[in-house]
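J.: Dropping in protein-v5.pdb, which is PDB, C-alpha atoms:
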ATOM      1  CA  MET N1397       0.000   0.000   0.000
ATOM      2  CA  THR N1398       2.395   2.656  -1.180
ATOM      3  CA  ALA N1399       1.772   5.773  -3.210
ATOM      4  CA  THR N1400       3.953   7.804  -5.548
ATOM      5  CA  ARG N1401       3.243  10.724  -3.244
ATOM      6  CA  ARG N1402       2.659  10.706   0.473
ATOM      7  CA  MET N1403      -0.282  12.982  -0.185
ATOM      8  CA  GLY N1404      -3.640  11.380  -0.887
ATOM      9  CA  LEU N1405      -7.042  12.784  -1.807
ATOM     10  CA  GLY N1406     -10.144  12.688   0.402
ATOM     11  CA  LEU N1407     -13.572  13.114  -1.194
ATOM     12  CA  ALA N1408     -15.555  14.302   1.849
ATOM     13  CA  ALA N1409     -16.157  17.760   0.375
ATOM     14  CA  LEU N1410     -16.648  16.661  -3.241
ATOM     15  CA  GLY N1411     -19.184  13.868  -2.952
ATOM     16  CA  ARG N1412     -22.063  15.934  -1.537
ATOM     17  CA  PRO N1413     -23.296  19.491  -1.980
ATOM     18  CA  ALA N1414     -22.854  20.565   1.659
ATOM     19  CA  TYR N1415     -20.012  19.999   4.100
ATOM     20  CA  ILE N1416     -18.353  21.793   7.007
ATOM     21  CA  ASN N1417     -15.094  22.572   5.185
ATOM     22  CA  LEU N1418     -14.358  26.269   4.791
ATOM     23  CA  GLY N1419     -13.138  27.589   1.460
ATOM     24  CA  ARG N1420     -15.587  25.712  -0.760
ATOM     25  CA  ASP N1421     -17.528  28.784  -1.912
ATOM     26  CA  GLY N1422     -16.207  29.894  -5.269
ATOM     27  CA  ALA N1423     -14.184  26.699  -5.654
ATOM     28  CA  LEU N1424     -17.159  24.456  -6.387
ATOM     29  CA  PRO N1425     -19.782  24.762  -9.141
ATOM     30  CA  ALA N1426     -22.354  27.371  -8.191
ATOM     31  CA  ASP N1427     -25.355  25.089  -8.729
ATOM     32  CA  ARG N1428     -23.839  21.975  -7.087
ATOM     33  CA  THR N1429     -26.050  19.608  -9.032
ATOM     34  CA  VAL N1430     -25.109  15.940  -9.070
ATOM     35  CA  SER N1431     -23.714  16.234 -12.594
ATOM     36  CA  ALA N1432     -21.730  19.376 -11.748
ATOM     37  CA  MET N1433     -20.248  17.830  -8.595
ATOM     38  CA  ARG N1434     -19.417  14.665 -10.514
ATOM     39  CA  GLU N1435     -17.544  16.711 -13.101
ATOM     40  CA  ALA N1436     -15.688  18.630 -10.381
ATOM     41  CA  THR N1437     -14.707  15.330  -8.757
ATOM     42  CA  PHE N1438     -13.406  13.967 -12.066
ATOM     43  CA  GLN N1439     -11.337  17.111 -12.638
ATOM     44  CA  VAL N1440      -9.692  16.897  -9.233
ATOM     45  CA  LEU N1441      -9.127  13.130  -9.541
ATOM     46  CA  ASP N1442      -7.598  13.530 -13.003
ATOM     47  CA  THR N1443      -5.247  16.259 -11.794
ATOM     48  CA  ALA N1444      -4.327  14.356  -8.645
ATOM     49  CA  TYR N1445      -3.528  11.193 -10.576
ATOM     50  CA  ALA N1446      -1.432  13.089 -13.145
ATOM     51  CA  ALA N1447       0.499  14.629 -10.237
ATOM     52  CA  GLY N1448       1.306  11.230  -8.746
ATOM     53  CA  VAL N1449      -1.406  10.881  -6.109
ATOM     54  CA  ARG N1450      -2.254   7.210  -5.684
ATOM     55  CA  TRP N1451      -4.475   7.146  -2.585
ATOM     56  CA  VAL N1452      -8.158   8.131  -2.690
ATOM     57  CA  ASP N1453     -10.384   8.072   0.384
ATOM     58  CA  ALA N1454     -14.189   7.997   0.444
ATOM     59  CA  ALA N1455     -17.020   6.907   2.750
ATOM     60  CA  ARG N1456     -20.604   5.762   2.536
ATOM     61  CA  SER N1457     -21.682   9.044   4.123
ATOM     62  CA  TYR N1458     -19.865  11.239   1.604
ATOM     63  CA  GLY N1459     -22.979  11.547  -0.526
ATOM     64  CA  ARG N1460     -22.144  10.108  -3.941
ATOM     65  CA  ALA N1461     -18.381   9.987  -3.417
ATOM     66  CA  GLU N1462     -18.109   6.226  -3.874
ATOM     67  CA  GLU N1463     -20.341   6.431  -6.939
ATOM     68  CA  PHE N1464     -18.248   9.232  -8.470
ATOM     69  CA  LEU N1465     -15.017   7.409  -7.658
ATOM     70  CA  ALA N1466     -16.278   4.122  -9.115
ATOM     71  CA  ALA N1467     -17.302   5.885 -12.332
ATOM     72  CA  TRP N1468     -13.893   7.564 -12.569
ATOM     73  CA  LEU N1469     -12.082   4.272 -11.998
ATOM     74  CA  ASP N1470     -14.194   2.549 -14.642
ATOM     75  CA  ASP N1471     -13.714   5.348 -17.159
ATOM     76  CA  ARG N1472     -10.005   6.028 -16.623
ATOM     77  CA  ASP N1473      -8.853   2.547 -15.529
ATOM     78  CA  PRO N1474      -5.856   3.981 -13.631
ATOM     79  CA  SER N1475      -3.147   1.721 -12.276
ATOM     80  CA  GLY N1476      -1.753   1.591  -8.774
ATOM     81  CA  VAL N1477      -4.536   3.475  -6.987
ATOM     82  CA  THR N1478      -5.232   2.532  -3.383
ATOM     83  CA  VAL N1479      -8.908   3.025  -2.512
ATOM     84  CA  SER N1480     -10.044   3.390   1.078
ATOM     85  CA  SER N1481     -13.597   3.916   2.230
ATOM     86  CA  LYS N1482     -15.566   3.903   5.454
ATOM     87  CA  TRP N1483     -18.813   2.592   6.896
ATOM     88  CA  GLY N1484     -20.832   3.614   9.954
ATOM     89  CA  TYR N1485     -22.394   6.905   8.890
ATOM     90  CA  ALA N1486     -25.281   7.041   6.408
ATOM     91  CA  TYR N1487     -25.853  10.085   4.214
ATOM     92  CA  VAL N1488     -29.390  11.395   4.750
ATOM     93  CA  GLY N1489     -29.053  14.924   3.345
ATOM     94  CA  ASP N1490     -31.076  14.198   0.182
ATOM     95  CA  TRP N1491     -28.624  16.298  -1.847
ATOM     96  CA  ARG N1492     -29.704  19.496  -0.102
ATOM     97  CA  THR N1493     -27.389  22.146   1.331
ATOM     98  CA  ASP N1494     -30.048  23.150   3.860
ATOM     99  CA  ALA N1495     -30.884  19.685   5.190
ATOM    100  CA  GLU N1496     -31.556  19.633   8.913
ATOM    101  CA  VAL N1497     -29.459  16.449   9.258
ATOM    102  CA  HIS N1498     -26.815  15.377   6.751
ATOM    103  CA  GLU N1499     -25.538  12.103   8.176
ATOM    104  CA  VAL N1500     -26.482   9.591  10.856
ATOM    105  CA  LYS N1501     -24.007   7.348  12.686
ATOM    106  CA  ARG N1502     -24.541   3.748  13.727
ATOM    107  CA  HIS N1503     -21.897   1.114  14.510
ATOM    108  CA  ASP N1504     -23.622  -2.242  14.496
ATOM    109  CA  LEU N1505     -23.615  -5.455  12.495
ATOM    110  CA  SER N1506     -26.637  -4.638  10.362
ATOM    111  CA  ARG N1507     -25.208  -1.237   9.350
ATOM    112  CA  PHE N1508     -21.878  -2.875   8.473
ATOM    113  CA  ARG N1509     -23.470  -5.577   6.342
ATOM    114  CA  GLU N1510     -25.715  -3.071   4.573
ATOM    115  CA  GLN N1511     -22.977  -0.574   3.816
ATOM    116  CA  ALA N1512     -20.272  -3.117   2.995
ATOM    117  CA  GLY N1513     -22.654  -4.531   0.387
ATOM    118  CA  GLU N1514     -23.280  -1.064  -1.048
ATOM    119  CA  THR N1515     -19.572  -0.289  -1.177
ATOM    120  CA  ARG N1516     -18.761  -3.619  -2.807
ATOM    121  CA  ARG N1517     -21.440  -3.115  -5.465
ATOM    122  CA  LEU N1518     -19.857   0.196  -6.410
ATOM    123  CA  LEU N1519     -16.140  -0.411  -5.954
ATOM    124  CA  GLY N1520     -15.904  -4.198  -6.285
ATOM    125  CA  ASP N1521     -12.412  -5.585  -5.891
ATOM    126  CA  ARG N1522     -10.912  -2.099  -6.170
ATOM    127  CA  LEU N1523     -11.616  -1.573  -2.461
ATOM    128  CA  ASP N1524      -8.327  -1.921  -0.593
ATOM    129  CA  VAL N1525      -9.096  -0.534   2.870
ATOM    130  CA  TYR N1526     -12.441  -0.419   4.710
ATOM    131  CA  GLN N1527     -12.610   1.588   7.913
ATOM    132  CA  VAL N1528     -15.011   2.083  10.784
ATOM    133  CA  HIS N1529     -16.054   5.716  10.414
ATOM    134  CA  SER N1530     -15.304   7.949  13.411
ATOM    135  CA  LEU N1531     -14.727   5.280  16.007
ATOM    136  CA  THR N1532     -14.925   6.553  19.588
ATOM    137  CA  ALA N1533     -14.214   4.839  22.882
ATOM    138  CA  ASP N1534     -17.941   4.395  23.558
ATOM    139  CA  SER N1535     -18.644   2.684  20.224
ATOM    140  CA  PRO N1536     -20.743  -0.509  20.456
ATOM    141  CA  LEU N1537     -18.072  -2.207  18.349
ATOM    142  CA  PHE N1538     -15.879  -2.769  21.394
ATOM    143  CA  GLY N1539     -18.508  -5.023  22.936
ATOM    144  CA  ASP N1540     -19.858  -6.626  19.748
ATOM    145  CA  ALA N1541     -18.025  -9.879  19.007
ATOM    146  CA  GLY N1542     -20.303 -10.609  16.041
ATOM    147  CA  LEU N1543     -19.419  -7.323  14.382
ATOM    148  CA  ARG N1544     -15.719  -7.863  14.948
ATOM    149  CA  HIS N1545     -16.017 -11.370  13.456
ATOM    150  CA  ALA N1546     -17.742  -9.915  10.380
ATOM    151  CA  LEU N1547     -14.966  -7.356   9.973
ATOM    152  CA  ALA N1548     -12.402 -10.128  10.253
ATOM    153  CA  GLY N1549     -14.259 -11.966   7.498
ATOM    154  CA  LEU N1550     -13.788  -9.034   5.162
ATOM    155  CA  ALA N1551     -10.105  -8.991   6.063
ATOM    156  CA  ALA N1552      -9.918 -12.677   5.144
ATOM    157  CA  ASP N1553     -11.174 -11.675   1.688
ATOM    158  CA  GLY N1554      -8.117  -9.446   1.238
ATOM    159  CA  VAL N1555      -9.447  -6.048   2.348
ATOM    160  CA  ARG N1556      -7.448  -4.291   5.041
ATOM    161  CA  ILE N1557      -9.625  -3.276   7.988
ATOM    162  CA  GLY N1558      -9.115  -0.024   9.808
ATOM    163  CA  PHE N1559     -10.859   2.782  11.640
ATOM    164  CA  SER N1560     -10.970   6.553  11.666
ATOM    165  CA  THR N1561     -11.223   8.632  14.820
ATOM    166  CA  SER N1562     -12.803  11.900  15.878
ATOM    167  CA  GLY N1563     -13.224  13.813  19.091
ATOM    168  CA  PRO N1564     -11.024  14.923  21.985
ATOM    169  CA  ALA N1565     -10.212  11.331  23.051
ATOM    170  CA  GLN N1566      -8.692  10.210  19.750
ATOM    171  CA  ALA N1567      -5.514   8.949  21.404
ATOM    172  CA  ASP N1568      -7.401   6.700  23.817
ATOM    173  CA  THR N1569      -9.514   5.311  20.974
ATOM    174  CA  VAL N1570      -6.453   4.552  18.843
ATOM    175  CA  ARG N1571      -4.731   2.683  21.636
ATOM    176  CA  ARG N1572      -7.812   0.718  22.640
ATOM    177  CA  ALA N1573      -8.828  -0.204  19.086
ATOM    178  CA  LEU N1574      -5.393  -1.456  18.109
ATOM    179  CA  GLU N1575      -5.573  -3.994  20.948
ATOM    180  CA  LEU N1576      -8.691  -5.622  19.516
ATOM    181  CA  GLU N1577      -8.486  -9.114  18.091
ATOM    182  CA  ALA N1578     -10.920 -11.216  16.099
ATOM    183  CA  ASP N1579     -10.545 -14.829  15.032
ATOM    184  CA  GLY N1580      -7.156 -14.937  16.747
ATOM    185  CA  ARG N1581      -5.614 -12.009  14.863
ATOM    186  CA  ARG N1582      -5.271  -8.280  15.389
ATOM    187  CA  LEU N1583      -8.370  -6.750  13.848
ATOM    188  CA  PHE N1584      -7.230  -3.331  12.668
ATOM    189  CA  THR N1585      -4.162  -2.667  10.537
ATOM    190  CA  THR N1586      -4.866   0.946   9.492
ATOM    191  CA  VAL N1587      -5.850   4.053  11.421
ATOM    192  CA  GLN N1588      -7.060   7.406  10.079
ATOM    193  CA  SER N1589      -7.027  10.276  12.552
ATOM    194  CA  THR N1590      -7.199  14.045  12.709
ATOM    195  CA  TRP N1591      -3.853  15.740  13.274
ATOM    196  CA  ASN N1592      -3.100  19.357  12.546
ATOM    197  CA  LEU N1593      -1.357  22.358  14.078
ATOM    198  CA  LEU N1594      -4.437  23.171  16.134
ATOM    199  CA  GLU N1595      -5.188  19.594  17.244
ATOM    200  CA  PRO N1596      -2.019  17.483  17.552
ATOM    201  CA  SER N1597      -3.098  15.490  20.620
ATOM    202  CA  ALA N1598      -3.310  12.142  18.791
ATOM    203  CA  GLY N1599       0.343  12.335  17.729
ATOM    204  CA  PRO N1600       1.909  10.087  20.409
ATOM    205  CA  ALA N1601      -0.752   7.394  19.926
ATOM    206  CA  LEU N1602      -0.296   7.526  16.154
ATOM    207  CA  ALA N1603       3.459   7.133  16.608
ATOM    208  CA  GLU N1604       2.756   4.045  18.711
ATOM    209  CA  ALA N1605       0.393   2.731  16.035
ATOM    210  CA  LYS N1606       3.066   3.181  13.376
ATOM    211  CA  ALA N1607       5.652   1.420  15.549
ATOM    212  CA  ALA N1608       3.214  -1.461  16.012
ATOM    213  CA  GLY N1609       2.908  -1.917  12.244
ATOM    214  CA  ALA N1610      -0.314  -0.038  11.509
ATOM    215  CA  TYR N1611      -0.623   2.141   8.413
ATOM    216  CA  VAL N1612      -1.343   5.728   9.512
ATOM    217  CA  ILE N1613      -3.519   8.075   7.462
ATOM    218  CA  VAL N1614      -3.973  11.702   8.522
ATOM    219  CA  LYS N1615      -7.189  13.583   7.817
ATOM    220  CA  GLU N1616      -8.206  17.192   8.378
ATOM    221  CA  GLY N1617      -4.661  18.503   8.196
ATOM    222  CA  LEU N1618      -6.109  21.941   7.481
ATOM    223  CA  ALA N1619      -8.639  21.763  10.339
ATOM    224  CA  ASN N1620     -11.544  21.657   7.872
ATOM    225  CA  GLY N1621     -10.118  24.664   6.074
ATOM    226  CA  ARG N1622      -9.655  26.876   9.115
ATOM    227  CA  LEU N1623      -5.873  26.910   8.736
ATOM    228  CA  ALA N1624      -6.186  27.958   5.086
ATOM    229  CA  VAL N1625      -8.993  30.501   5.296
ATOM    230  CA  ASP N1626      -8.106  32.192   8.604
ATOM    231  CA  PRO N1627      -4.552  31.123   9.512
ATOM    232  CA  PRO N1628      -3.033  32.112  12.859
ATOM    233  CA  GLY N1629      -0.401  34.824  12.655
ATOM    234  CA  GLU N1630       2.533  32.470  13.176
ATOM    235  CA  LEU N1631       1.376  30.235  10.345
ATOM    236  CA  ARG N1632       0.775  33.222   8.083
ATOM    237  CA  ARG N1633       4.283  34.509   8.755
ATOM    238  CA  ALA N1634       5.790  31.076   8.070
ATOM    239  CA  ALA N1635       3.950  30.994   4.757
ATOM    240  CA  GLU N1636       5.403  34.394   3.894
ATOM    241  CA  ARG N1637       8.923  33.178   4.725
ATOM    242  CA  HIS N1638       8.479  30.208   2.396
ATOM    243  CA  GLY N1639       6.785  32.259  -0.291
ATOM    244  CA  THR N1640       3.726  30.035  -0.343
ATOM    245  CA  GLY N1641       0.240  29.672   1.082
ATOM    246  CA  ALA N1642      -0.792  28.864   4.633
ATOM    247  CA  ASP N1643      -2.379  25.605   3.469
ATOM    248  CA  THR N1644       0.927  24.469   1.977
ATOM    249  CA  VAL N1645       2.850  25.114   5.189
ATOM    250  CA  ALA N1646       0.145  23.594   7.412
ATOM    251  CA  LEU N1647       0.194  20.376   5.399
ATOM    252  CA  ALA N1648       4.001  20.404   5.354
ATOM    253  CA  ALA N1649       3.809  20.332   9.154
ATOM    254  CA  VAL N1650       1.718  17.161   8.927
ATOM    255  CA  LEU N1651       4.104  15.582   6.435
ATOM    256  CA  ALA N1652       6.956  16.338   8.843
ATOM    257  CA  GLN N1653       5.516  13.798  11.301
ATOM    258  CA  PRO N1654       7.568  10.609  10.815
ATOM    259  CA  TRP N1655       4.626   8.370  11.675
ATOM    260  CA  ALA N1656       2.337   9.789   8.964
ATOM    261  CA  ASP N1657       2.165   7.413   5.995
ATOM    262  CA  THR N1658      -0.515   9.128   3.887
ATOM    263  CA  VAL N1659      -1.734  12.699   4.414
ATOM    264  CA  LEU N1660      -5.086  13.489   2.838
ATOM    265  CA  SER N1661      -5.875  16.651   0.937
ATOM    266  CA  GLY N1662      -9.512  17.691   1.022
ATOM    267  CA  ALA N1663      -9.164  19.902  -2.059
ATOM    268  CA  VAL N1664     -12.311  20.614  -4.063
ATOM    269  CA  SER N1665     -10.668  22.316  -7.028
ATOM    270  CA  VAL N1666      -7.576  21.953  -9.170
ATOM    271  CA  ALA N1667      -6.186  25.201  -7.728
ATOM    272  CA  GLN N1668      -6.624  24.031  -4.133
ATOM    273  CA  LEU N1669      -5.062  20.688  -4.974
ATOM    274  CA  ALA N1670      -1.971  22.355  -6.467
ATOM    275  CA  THR N1671      -1.230  24.376  -3.346
ATOM    276  CA  ASN N1672      -1.940  21.378  -1.108
ATOM    277  CA  LEU N1673       0.444  19.135  -3.040
ATOM    278  CA  ALA N1674       3.159  21.797  -2.885
ATOM    279  CA  ALA N1675       3.488  20.857   0.795
ATOM    280  CA  GLU N1676       5.787  18.041  -0.275
ATOM    281  CA  THR N1677       8.318  20.634  -1.478
ATOM    282  CA  ILE N1678       8.522  22.479   1.867
ATOM    283  CA  THR N1679      10.994  21.582   4.597
ATOM    284  CA  LEU N1680      10.195  23.083   7.977
ATOM    285  CA  ASP N1681      12.626  23.646  10.800
ATOM    286  CA  PRO N1682      11.698  21.556  13.862
ATOM    287  CA  ASP N1683      10.912  24.651  15.939
ATOM    288  CA  GLU N1684       9.456  26.763  13.139
ATOM    289  CA  LEU N1685       5.827  26.247  14.100
ATOM    290  CA  GLY N1686       4.712  25.607  17.623
ATOM    291  CA  GLY N1687       2.318  26.746  20.258
ATOM    292  CA  LEU N1688      -0.689  26.827  17.933
ATOM    293  CA  GLU N1689      -2.472  23.898  19.535
ATOM    294  CA  THR N1690      -5.755  24.432  21.333
ATOM    295  CA  PRO N1691      -7.226  22.222  24.077
ATOM    296  CA  PRO N1692      -8.809  19.200  22.355
ATOM    297  CA  GLY N1693     -12.213  19.825  23.907
ATOM    298  CA  GLU N1694     -12.222  23.388  22.623
ATOM    299  CA  TYR N1695     -11.034  22.331  19.167
ATOM    300  CA  TRP N1696     -13.768  19.739  18.733
ATOM    301  CA  ARG N1697     -16.456  22.099  20.040
ATOM    302  CA  ASP N1698     -15.384  24.655  17.439
ATOM    303  CA  ARG N1699     -15.411  21.994  14.746
ATOM    304  CA  ALA N1700     -18.903  20.866  15.710
ATOM    305  CA  ALA N1701     -20.104  24.455  15.364
ATOM    306  CA  LEU N1702     -18.962  24.793  11.736
ATOM    307  CA  PRO N1703     -21.965  25.226   9.430
ATOM    308  CA  TRP N1704     -22.841  22.821   6.636
ATOM    309  CA  ASN N1705     -22.931  24.845   3.448
TER     310      ASN N1705
END
Give the structure from the file, written as structure tokens.
T.:
Amino acid sequence: MTATRRMGLGLAALGRPAYINLGRDGALPADRTVSAMREATFQVLDTAYAAGVRWVDAARSYGRAEEFLAAWLDDRDPSGVTVSSKWGYAYVGDWRTDAEVHEVKRHDLSRFREQAGETRRLLGDRLDVYQVHSLTADSPLFGDAGLRHALAGLAADGVRIGFSTSGPAQADTVRRALELEADGRRLFTTVQSTWNLLEPSAGPALAEAKAAGAYVIVKEGLANGRLAVDPPGELRRAAERHGTGADTVALAAVLAQPWADTVLSGAVSVAQLATNLAAETITLDPDELGGLETPPGEYWRDRAALPWN
């Protein structure tokens, strides 16, 4: 599971008309119809692939992301692309930007079987990694042996099983989940967590995961666009020193973490993708950026308050 670049592409903000990422206005089609969003997704995927990106991440709850990705894979037939997706949240936004609820979470055996079937029908044997979406320490999965056995069955079919994390207790969830076994083997071999300059608290646990042999994927390196749209002064000054954008430097800080295997860009346009990928050309001094972190509880409260638009 290697990529030409360490940067990958996440489709959370491309597969549905509304999401909490900042910086989408003006970058996406104005009408955000299904056909327009599909075309935007194809443009970003084409550009990413031409630039050497070989990891694409989706989820059942990302609207039509899996559908768009499957159509792109069928049409372009690219080689060497690693596809990861996630189950656990269902998209219920009905392709509306003003939906009262956009996604609903449930971690149980029936949801897994339903969504794994949907993912398989779309992506077939192109699915490489399937992850529990936003696992938390109170997830029913920890006490559900039948669900863990079903996940192990998918692993026996050649799909790597992992989990993503959210919330202020990410580190505890990572450590607890990586201890789980099913059918006599460690259940999870990949982990996808939030790490950025504002919320680096999962770093030590992710370093432990890497040392234990897990593949580590980093999401939300731009804090859902906050570090690009309204960067703190220190980040803005670092960007000026490097002659580049705040998003480039913020993602370079993620890439500087030795435990990070793949770092996802959430770009929704070719222009955003270009500045995100430029992060691989930036070398930061170890003490160049520091002191930007916020208390995890505060960070996740602020994230939860971001509007869907």
J.: Could you give me, as a ChimeraX atom specification, the residues within 7 Å of segment 1402-1419 of chain N, counting all atoms listed in the file and dropping anything in the same chain fewer than 6 positions from it?
T.: /N:1428,1433,1437,1449-1454,1458-1461,1491-1493,1620-1622,1625,1657-1662,1664,1673,1702-1705
J.: Pick out the closest residue to Ala1646 of chain N from this set: N:Val1570, N:Leu1685, N:Val1614, N:Leu1531. Count only C-alpha atoms.
T.: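 Among N:Val1570, N:Leu1685, N:Val1614, N:Leu1531, it is N:Leu1685 that comes nearest to Ala1646 of chain N.
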J.: Just want the 12 Å neighbourhood of Gly1513 of chain N, counted on all atoms listed in the file, with same-chain residues fewer than 3 positions away dropped. Output as an MDAnalysis selection string.
T.: chainID N and resid 1456 1483 1506:1510 1516:1520 1523 1526 1550
J.: Neighbouring residues of Arg1522 of chain N were defined as those with any atom within 9 Å, considering only C-alpha atoms; residues of the same chain fewer than 4 positions away were excluded. Please report them as a PDB file with C-alpha atoms, in the coordinates of the input.
T.:
ATOM      1  CA  ALA N1466     -16.278   4.122  -9.115  1.00  0.00           C
ATOM      2  CA  LEU N1469     -12.082   4.272 -11.998  1.00  0.00           C
ATOM      3  CA  VAL N1477      -4.536   3.475  -6.987  1.00  0.00           C
ATOM      4  CA  THR N1478      -5.232   2.532  -3.383  1.00  0.00           C
ATOM      5  CA  VAL N1479      -8.908   3.025  -2.512  1.00  0.00           C
ATOM      6  CA  ARG N1516     -18.761  -3.619  -2.807  1.00  0.00           C
TER       7      ARG N1516
END
J.: Restricting the calculation to only C-alpha atoms: of N:Ile1613, N:Ala1551, N:Leu1631, N:Leu1574, which residue gets closest to Asp1643 of chain N?
T.: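 Of N:Ile1613, N:Ala1551, N:Leu1631, N:Leu1574, the one nearest Asp1643 of chain N, counting only C-alpha atoms, is N:Leu1631.
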J.: Which of these, N:Ala1635, N:Ala1548, N:Ala1495, N:Ala1436, has the shortest distance to Arg1420 of chain N once you count only C-alpha atoms?
T.: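 With only C-alpha atoms as the atom set, the closest residue is N:Ala1436.
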J.: Quick one: apply the PyMOL selection byres ((chain N and resi 1535) around 12) to the file and drop the selected residues here as a VMD selection string.
T.: chain N and resid 1484 1501 to 1504 1528 to 1534 1536 to 1540 1543 1559 1561 to 1562 1569 1572 to 1573
J.: When the PyMOL selection byres ((chain N and resi 1676) around 10) is applied to the structure above, which residues does it catch, written out as a CSV table (one decimal) with C-alpha atoms, in the coordinates of the input?
T.:
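Resulting contents of expr-v7.csv:
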chain,number,residue,atom,x,y,z
N,1401,ARG,CA,3.2,10.7,-3.2
N,1402,ARG,CA,2.7,10.7,0.5
N,1403,MET,CA,-0.3,13.0,-0.2
N,1644,THR,CA,0.9,24.5,2.0
N,1645,VAL,CA,2.8,25.1,5.2
N,1647,LEU,CA,0.2,20.4,5.4
N,1648,ALA,CA,4.0,20.4,5.4
N,1649,ALA,CA,3.8,20.3,9.2
N,1651,LEU,CA,4.1,15.6,6.4
N,1652,ALA,CA,7.0,16.3,8.8
N,1671,THR,CA,-1.2,24.4,-3.3
N,1672,ASN,CA,-1.9,21.4,-1.1
N,1673,LEU,CA,0.4,19.1,-3.0
N,1674,ALA,CA,3.2,21.8,-2.9
N,1675,ALA,CA,3.5,20.9,0.8
N,1677,THR,CA,8.3,20.6,-1.5
N,1678,ILE,CA,8.5,22.5,1.9
N,1679,THR,CA,11.0,21.6,4.6
J.: Pick from N:Glu1684, N:Leu1547, N:Leu1669, N:Asp1553: nearest to Glu1577 of chain N, with only C-alpha atoms counted?
T.: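 So, comparing all the options, the nearest one is N:Leu1547.
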J.: Work out how far apart atom CA of Val1612 of chain N and atom CA of Pro1596 of chain N are and give it in Å to one decimal.
T.: 14.3 Å
J.: Just give me the gap between atom CA of Gly1549 of chain N and atom CA of Ala1608 of chain N in Å, one decimal is fine.
T.: 22.1 Å
J.: Could you work out how far atom CA of Gly1489 of chain N lies from atom CA of Ala1512 of chain N, giving the answer in Å with one decimal?
T.: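 Separation of atom CA of Ala1512 of chain N and atom CA of Gly1489 of chain N: 20.1 Å.
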J.: Tell me which of N:His1545, N:His1498, N:Arg1633, N:Lys1606 sits closest to Ala1656 of chain N, counting all atoms listed in the file.
T.: N:Lys1606
J.: I'd like to know which of N:Leu1680, N:Leu1576, N:Ala1670, N:Leu1602 is closest to His1638 of chain N, using only C-alpha atoms.
T.: N:Leu1680
J.: Apply the PyMOL selection byres ((chain N and resi 1601) around 8) to the file shown and report the selected residues as a list in words.
T.: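 After applying the PyMOL selection byres ((chain N and resi 1601) around 8), what remains is Ala1567, Asp1568, Val1570, Arg1571, Ala1598, Gly1599, Pro1600, Leu1602, Ala1603, Glu1604 and Ala1605 of chain N.
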